[in-house]
>>> print(open('structure37.txt').read())   # compact mmCIF, C-alpha atoms
# COMPACT_ATOMS: atom_id res chain seq x y z
CA MET A 21 120.85 19.94 165.17
CA GLY A 22 118.91 19.80 161.90
CA ILE A 23 119.87 23.40 161.09
CA PHE A 24 123.54 22.64 161.81
CA ILE A 25 123.53 19.60 159.47
CA HIS A 26 121.67 21.48 156.73
CA ARG A 27 124.12 24.39 156.95
CA HIS A 28 127.16 22.17 156.43
CA LEU A 29 125.79 19.76 153.83
CA PRO A 30 127.10 20.27 150.27
CA LYS A 31 125.04 22.91 148.49
CA CYS A 32 125.54 21.53 144.97
CA TYR A 33 123.39 18.51 144.04
CA THR A 34 126.38 16.80 142.38
CA ASP A 35 128.46 17.29 145.52
CA LEU A 36 125.61 16.10 147.71
CA ALA A 37 125.22 12.91 145.66
CA ALA A 38 128.99 12.24 145.84
CA PHE A 39 128.98 12.96 149.59
CA ILE A 40 126.12 10.52 150.18
CA PHE A 41 127.89 7.93 148.02
CA LEU A 42 131.08 8.34 150.10
CA LEU A 43 129.23 7.94 153.41
CA GLY A 44 127.23 5.02 152.04
CA ALA A 45 130.35 3.25 150.72
CA VAL A 46 132.29 3.74 153.97
CA HIS A 47 129.50 2.35 156.14
CA THR A 48 128.46 -0.41 153.73
CA ILE A 49 132.01 -1.72 153.47
CA GLY A 50 132.58 -1.24 157.20
CA PHE A 51 129.52 -3.22 158.28
CA PHE A 52 130.15 -5.87 155.62
CA GLU A 53 133.73 -6.43 156.82
CA LEU A 54 132.64 -6.47 160.47
CA LEU A 55 129.52 -8.63 160.24
CA VAL A 56 130.16 -10.84 157.21
CA VAL A 57 133.85 -11.10 156.34
CA LEU A 58 135.52 -11.17 159.76
CA PRO A 59 133.41 -13.98 161.27
CA THR A 60 134.25 -16.02 158.18
CA VAL A 61 137.99 -15.46 157.82
CA SER A 62 139.13 -14.96 161.42
CA VAL A 63 137.80 -18.23 162.83
CA PRO A 64 138.57 -21.68 161.36
CA HIS A 65 135.71 -23.35 159.49
CA ALA A 66 133.73 -20.09 159.62
CA GLN A 67 132.43 -20.83 163.10
CA TYR A 68 132.58 -17.75 165.32
CA SER A 69 132.90 -18.81 168.94
CA GLY A 70 132.98 -15.31 170.44
CA THR A 71 136.43 -15.85 171.98
CA ASP A 72 138.68 -15.51 168.93
CA LEU A 73 141.37 -12.90 169.63
CA GLY A 74 142.07 -12.41 165.93
CA TYR A 75 138.49 -11.25 165.43
CA TYR A 76 138.76 -8.61 168.16
CA PHE A 77 142.16 -7.50 166.86
CA HIS A 78 140.65 -6.80 163.43
CA VAL A 79 137.59 -5.14 164.99
CA LEU A 80 139.80 -2.78 167.00
CA ASN A 81 141.86 -1.88 163.94
CA GLY A 82 138.68 -1.37 161.94
CA PHE A 83 137.19 1.02 164.47
CA LEU A 84 140.44 3.02 164.70
CA ILE A 85 140.55 3.41 160.91
CA TYR A 86 136.83 4.26 160.80
CA PHE A 87 137.32 6.89 163.52
CA ASN A 88 140.17 8.53 161.60
CA VAL A 89 138.18 8.48 158.33
CA MET A 90 135.10 10.11 159.83
CA LEU A 91 137.09 12.61 161.92
CA SER A 92 139.18 13.62 158.89
CA LEU A 93 135.99 14.08 156.85
CA TYR A 94 134.50 16.20 159.64
CA LYS A 95 137.64 18.35 159.87
CA VAL A 96 137.75 18.91 156.10
CA ILE A 97 134.19 20.22 156.21
CA MET A 98 134.42 22.23 159.43
CA THR A 99 137.88 23.80 158.96
CA ASP A 100 137.41 27.07 157.09
CA SER A 101 140.09 27.94 154.52
CA SER A 102 138.15 30.81 152.96
CA ILE A 103 138.93 34.53 153.22
CA LYS A 104 135.69 35.13 155.13
CA GLY A 105 136.30 37.05 158.36
CA ARG A 106 139.97 37.65 157.62
CA PHE A 107 141.54 41.09 157.64
CA LEU A 108 142.91 41.82 154.18
CA PRO A 109 144.77 45.04 153.19
CA SER A 110 143.09 47.57 150.93
CA THR A 111 146.23 47.99 148.82
CA LEU A 112 146.96 45.44 146.13
CA LYS A 113 150.25 43.70 146.94
CA PRO A 114 152.57 42.10 144.34
CA GLY A 115 151.17 38.74 143.27
CA TRP A 116 147.73 39.58 144.67
CA ARG A 117 144.62 40.22 142.60
CA PHE A 118 141.28 41.89 143.08
CA CYS A 119 138.32 39.50 143.19
CA VAL A 120 135.30 41.26 141.72
CA ILE A 121 132.90 38.70 143.25
CA CYS A 122 134.22 38.88 146.82
CA GLU A 123 135.04 42.60 146.30
CA CYS A 124 138.39 42.37 148.08
CA ASN A 125 142.06 41.89 147.40
CA ALA A 126 142.75 38.17 147.21
CA PRO A 127 146.17 36.90 148.39
CA ALA A 128 148.61 35.02 146.18
CA ARG A 129 147.73 31.33 145.70
CA SER A 130 144.09 32.00 146.54
CA PHE A 131 141.37 31.44 143.95
CA HIS A 132 137.65 32.02 143.84
CA CYS A 133 135.45 28.93 143.98
CA HIS A 134 132.08 29.44 142.31
CA THR A 135 130.60 26.46 144.15
CA CYS A 136 131.68 27.68 147.61
CA ASN A 137 131.06 31.28 146.44
CA THR A 138 134.21 32.67 148.07
CA CYS A 139 137.97 32.90 147.61
CA ILE A 140 139.94 30.07 149.23
CA LEU A 141 143.37 30.58 150.78
CA LYS A 142 145.99 28.48 148.97
CA ARG A 143 143.19 26.77 147.10
CA ASP A 144 144.16 23.28 145.96
CA HIS A 145 140.86 22.12 144.47
CA HIS A 146 137.15 21.73 145.16
CA CYS A 147 136.49 18.25 146.54
CA THR A 148 133.25 16.83 145.16
CA PHE A 149 133.05 14.06 147.75
CA THR A 150 133.09 16.49 150.69
CA GLY A 151 131.38 19.40 148.95
CA TYR A 152 134.05 21.84 150.14
CA CYS A 153 137.27 23.34 148.85
CA VAL A 154 140.62 22.03 150.00
CA GLY A 155 142.78 24.97 151.02
CA TYR A 156 145.50 26.04 153.39
CA TYR A 157 143.84 25.18 156.70
CA ASN A 158 142.13 21.89 155.80
CA GLN A 159 144.55 20.33 153.30
CA ARG A 160 146.16 18.32 156.08
CA TYR A 161 142.81 16.74 156.93
CA TYR A 162 142.03 16.03 153.29
CA VAL A 163 145.30 14.12 152.89
CA SER A 164 144.53 12.33 156.18
CA LEU A 165 141.13 11.36 154.76
CA LEU A 166 142.76 9.92 151.63
CA LEU A 167 145.42 8.12 153.68
CA ASN A 168 142.94 6.46 156.01
CA CYS A 169 140.60 5.56 153.13
CA ALA A 170 143.58 3.94 151.39
CA ILE A 171 144.49 2.03 154.56
CA ALA A 172 140.88 0.93 154.96
CA ALA A 173 140.71 -0.21 151.33
CA VAL A 174 143.99 -2.16 151.57
CA TYR A 175 142.81 -3.76 154.81
CA SER A 176 139.43 -4.68 153.31
CA CYS A 177 140.93 -6.13 150.13
CA PHE A 178 143.40 -8.16 152.20
CA LEU A 179 140.55 -9.71 154.19
CA ASN A 180 138.37 -10.10 151.11
CA VAL A 181 140.91 -12.33 149.34
CA ASP A 182 140.42 -15.00 152.00
CA TYR A 183 136.66 -14.37 152.09
CA LEU A 184 136.25 -14.74 148.32
CA TYR A 185 138.16 -18.01 148.45
CA HIS A 186 135.66 -19.23 151.07
CA LEU A 187 132.81 -17.93 148.90
CA PHE A 188 133.81 -19.43 145.54
CA GLY A 189 136.19 -22.20 146.60
CA GLU A 190 138.43 -21.75 143.55
CA VAL A 191 140.06 -19.20 141.26
CA SER A 192 138.62 -19.34 137.75
CA PHE A 193 137.64 -17.09 134.87
CA LYS A 194 134.10 -16.96 136.22
CA THR A 195 135.40 -15.93 139.63
CA VAL A 196 137.33 -13.02 138.10
CA LEU A 197 134.23 -11.93 136.16
CA ASN A 198 132.18 -12.11 139.36
CA ILE A 199 134.63 -9.83 141.17
CA LEU A 200 135.15 -7.30 138.36
CA PHE A 201 131.57 -7.21 137.07
CA PRO A 202 129.30 -8.51 139.86
CA MET A 203 126.03 -7.09 138.52
CA ILE A 204 126.67 -8.31 134.98
CA SER A 205 127.63 -11.73 136.33
CA TRP A 206 124.46 -11.80 138.38
CA MET A 207 122.32 -11.09 135.31
CA PHE A 208 124.02 -13.42 132.84
CA LEU A 209 125.85 -16.09 134.83
CA ALA A 210 122.90 -17.04 137.02
CA ASP A 211 124.57 -16.26 140.37
CA ASN A 212 122.19 -15.93 143.29
CA THR A 213 121.35 -12.47 144.60
CA ILE A 214 123.13 -12.83 147.96
CA THR A 215 126.38 -13.90 146.32
CA ALA A 216 126.10 -11.05 143.81
CA LEU A 217 125.62 -8.50 146.59
CA GLN A 218 128.54 -9.88 148.57
CA THR A 219 130.76 -9.76 145.50
CA PHE A 220 129.55 -6.23 144.71
CA VAL A 221 130.70 -4.95 148.11
CA THR A 222 134.11 -6.60 147.72
CA SER A 223 134.37 -4.99 144.27
CA LEU A 224 133.48 -1.65 145.87
CA SER A 225 136.48 -2.09 148.16
CA LEU A 226 138.66 -2.67 145.11
CA VAL A 227 137.37 0.52 143.45
CA GLY A 228 138.03 2.42 146.69
CA LEU A 229 141.58 1.04 146.74
CA PHE A 230 142.42 2.37 143.28
CA MET A 231 140.72 5.73 143.82
CA SER A 232 142.13 6.49 147.27
CA CYS A 233 145.66 5.29 146.50
CA GLY A 234 145.71 7.14 143.17
CA LEU A 235 144.51 10.42 144.69
CA LEU A 236 146.82 10.04 147.69
CA ALA A 237 149.87 9.50 145.46
CA TYR A 238 148.93 12.48 143.25
CA HIS A 239 148.51 14.90 146.15
CA LEU A 240 151.58 13.68 148.03
CA ILE A 241 153.67 14.30 144.91
CA ASN A 242 152.22 17.83 144.71
CA ILE A 243 153.00 18.45 148.37
CA PHE A 244 156.53 17.08 147.88
CA HIS A 245 157.07 19.74 145.19
CA GLY A 246 155.29 22.50 147.13
CA GLN A 247 152.50 22.87 144.59
CA VAL A 248 148.73 23.05 144.55
CA VAL A 249 146.78 21.62 141.59
CA TYR A 250 146.82 24.90 139.65
CA GLU A 251 150.58 25.28 140.12
CA LYS A 252 151.12 21.66 139.13
CA THR A 253 149.07 22.14 135.97
CA PHE A 254 151.04 25.21 134.86
CA ASN A 255 154.41 24.03 136.23
CA ILE A 256 154.74 26.88 138.76
CA ALA A 257 157.48 26.15 141.29
CA HIS A 258 157.84 29.52 143.08
CA TYR A 259 156.84 28.03 146.43
CA ASP A 260 158.98 24.88 146.40
CA LEU A 261 160.96 25.23 149.66
CA GLY A 262 162.40 21.72 149.72
CA TRP A 263 160.41 18.60 150.51
CA LYS A 264 160.74 18.82 154.31
CA GLU A 265 159.56 22.41 154.48
CA ASN A 266 156.86 21.67 151.91
CA PHE A 267 155.40 18.94 154.13
CA ARG A 268 155.72 21.24 157.13
CA GLN A 269 153.66 23.87 155.28
CA VAL A 270 150.80 21.36 154.97
CA PHE A 271 151.03 19.23 158.12
CA GLY A 272 152.35 21.87 160.50
CA THR A 273 155.21 21.99 162.97
CA CYS A 274 154.66 18.36 163.99
CA TRP A 275 154.62 17.15 160.38
CA HIS A 276 156.66 14.03 161.24
CA TYR A 277 153.71 12.40 163.02
CA ALA A 278 150.69 14.70 162.47
CA TRP A 279 149.51 12.32 159.73
CA ILE A 280 148.79 9.62 162.34
CA SER A 281 145.60 11.26 163.57
CA PRO A 282 143.61 14.47 162.95
CA LEU A 283 143.50 14.86 166.74
CA ILE A 284 147.23 15.68 166.91
CA ILE A 285 147.75 19.43 167.34
CA SER A 286 150.22 20.71 164.75
CA PRO A 287 150.12 24.51 164.16
CA LEU A 288 150.70 25.66 160.60
CA PRO A 289 153.74 27.92 160.02
CA SER A 290 151.86 30.60 158.06
CA ASP A 291 148.63 32.57 158.21
CA GLY A 292 147.56 31.36 154.77
CA ILE A 293 147.91 34.88 153.38
CA GLU A 294 151.66 35.43 153.08
CA PHE A 295 153.90 32.66 151.70
CA SER A 296 157.65 32.42 151.36
CA THR A 297 158.96 31.89 147.85
CA LYS A 298 161.92 29.73 146.96
CA ASP A 299 164.20 32.76 146.63
CA THR A 300 163.21 34.43 149.91
CA PHE A 301 163.39 31.13 151.81
CA GLU A 302 166.90 30.41 150.49
CA SER A 303 167.98 33.96 151.42
CA MET A 304 166.68 33.51 154.98
CA LYS A 305 168.52 30.20 155.32
CA ALA A 306 171.74 31.84 154.18
CA LEU A 307 171.59 34.51 156.91
>>> encode(input="structure37.txt", output="structure tokens")
Amino acid sequence: MGIFIHRHLPKCYTDLAAFIFLLGAVHTIGFFELLVVLPTVSVPHAQYSGTDLGYYFHVLNGFLIYFNVMLSLYKVIMTDSSIKGRFLPSTLKPGWRFCVICECNAPARSFHCHTCNTCILKRDHHCTFTGYCVGYYNQRYYVSLLLNCAIAAVYSCFLNVDYLYHLFGEVSFKTVLNILFPMISWMFLADNTITALQTFVTSLSLVGLFMSCGLLAYHLINIFHGQVVYEKTFNIAHYDLGWKENFRQVFGTCWHYAWISPLIISPLPSDGIEFSTKDTFESMKAL
């Protein structure tokens, strides 16, 4: 078990630190919402009787979101989008290039990642928070991770509004400072340590909201246009097959509902090596 974990942990120290931060933030916010916020906001007068249905409703939703977040993270890490073990032709095809590091012909849309030390099929980017590249086979799970993190952040912030009202009792300039700068407020505004820690976790949820929603919107726009990050940067639109087909290329044949859970089986339409261009796709549709 230890060997398995060590083998799949991020190899770069920066990635490892970001990965630990992600896991720490997910579990810190999760336990805080479950053990501190929910008993306060779901039961009148902050008295948890153990029979409140609203509490159990939120707990169930929380565990479903947590399950999807952790499963998506696991699938991003464990789903291999590299060229390792794949049969690649010895002749250099149009649009392909020879990778001197991997010593093989790399397909179109693949790029070498120096952190992962291999070429990645339809490489989108290297994700620091997972320590792995996002490519053809695991992009669906990466977007699922962002989506569920965004849902979790929205849910947490929604509950935290009521909790902060219980905590401070009013909305004032000091309250805003406490939420936006909890550690500074703790040092200079003489707030007690417990209140500062509680406010810090709620602020962490707010940071997660902006990060996850921003990244989700950026990558969904790229998918809508059939582009990876490199193609977006250099305005390359050769692989834009229309928004429906573009989403199908990422989420598979069941793209309409595959986003609901990483457990849903949705085969991808390509092998990650050969891709239809806009011109060839339009020609096939016309036949």
>>> residues_around(input="structure37.txt", residues="Leu36 of chain A", least_positions_apart="4", cutoff="9 Å", atoms="all atoms listed in the file", output="PyMOL selection string")
chain A and resi 29-32+40-41+148-151
>>> atom_distance(input="structure37.txt", atom1="atom CA of Trp116 of chain A", atom2="atom CA of Asn255 of chain A")
18.9 Å
>>> atom_distance(input="structure37.txt", atom1="atom CA of Cys122 of chain A", atom2="atom CA of Ser101 of chain A")
14.6 Å
>>> axis_aligned_box(input="structure37.txt", around="segment 137-156 of chain A", padding_each_side="6 Å", output="JSON")
{"center_x": 138.5, "center_y": 23.5, "center_z": 148.9, "size_x": 26.9, "size_y": 30.8, "size_z": 20.9}
>>> residues_around(input="structure37.txt", residues="segment 126-140 of chain A", least_positions_apart="6", cutoff="6 Å", atoms="only C-alpha atoms", output="list in words")
Ser101, Ser102, Ile103, Gly115, Trp116, Arg117, Phe118 and Ile293 of chain A
>>> residues_around(input="structure37.txt", residues="Val227 of chain A", least_positions_apart="2", cutoff="12 Å", atoms="all atoms listed in the file", output="NGL selection string")
:A and (45 or 49 or 169-170 or 173-174 or 176-177 or 199-201 or 220-225 or 229-234)
>>> closest_residue(input="structure37.txt", among="A:Lys298, A:Lys252, A:Arg27, A:Arg268", to="Tyr156 of chain A", atoms="all atoms listed in the file")
A:Arg268
>>> atom_distance(input="structure37.txt", atom1="atom CA of Val163 of chain A", atom2="atom CA of Leu141 of chain A")
16.7 Å
>>> residues_around(input="structure37.txt", residues="Gly262 of chain A", least_positions_apart="3", cutoff="9 Å", atoms="all atoms listed in the file", output="ChimeraX atom specification")
/A:244-246,265-267,298
>>> closest_residue(input="structure37.txt", among="A:Leu236, A:Cys124, A:Leu73, A:Ala38", to="Leu166 of chain A", atoms="all atoms listed in the file")
A:Leu236
>>> residues_around(input="structure37.txt", residues="Asp144 of chain A", least_positions_apart="6", cutoff="8 Å", atoms="only C-alpha atoms", output="PDB file with C-alpha atoms, keeping the file's coordinate frame")
ATOM      1  CA  CYS A 153     137.270  23.340 148.850  1.00  0.00           C
ATOM      2  CA  VAL A 154     140.620  22.030 150.000  1.00  0.00           C
ATOM      3  CA  GLY A 155     142.780  24.970 151.020  1.00  0.00           C
ATOM      4  CA  GLN A 159     144.550  20.330 153.300  1.00  0.00           C
ATOM      5  CA  VAL A 248     148.730  23.050 144.550  1.00  0.00           C
ATOM      6  CA  VAL A 249     146.780  21.620 141.590  1.00  0.00           C
ATOM      7  CA  TYR A 250     146.820  24.900 139.650  1.00  0.00           C
TER       8      TYR A 250
END
>>> residues_near_point(input="structure37.txt", point="(149.7, 11.2, 162.7)", cutoff="12 Å", atoms="all atoms listed in the file", output="list in words")
Asn88, Ser92, Arg160, Tyr161, Val163, Ser164, Leu165, Leu167, Asn168, Phe271, Gly272, Cys274, Trp275, His276, Tyr277, Ala278, Trp279, Ile280, Ser281, Pro282, Leu283, Ile284, Ile285 and Ser286 of chain A
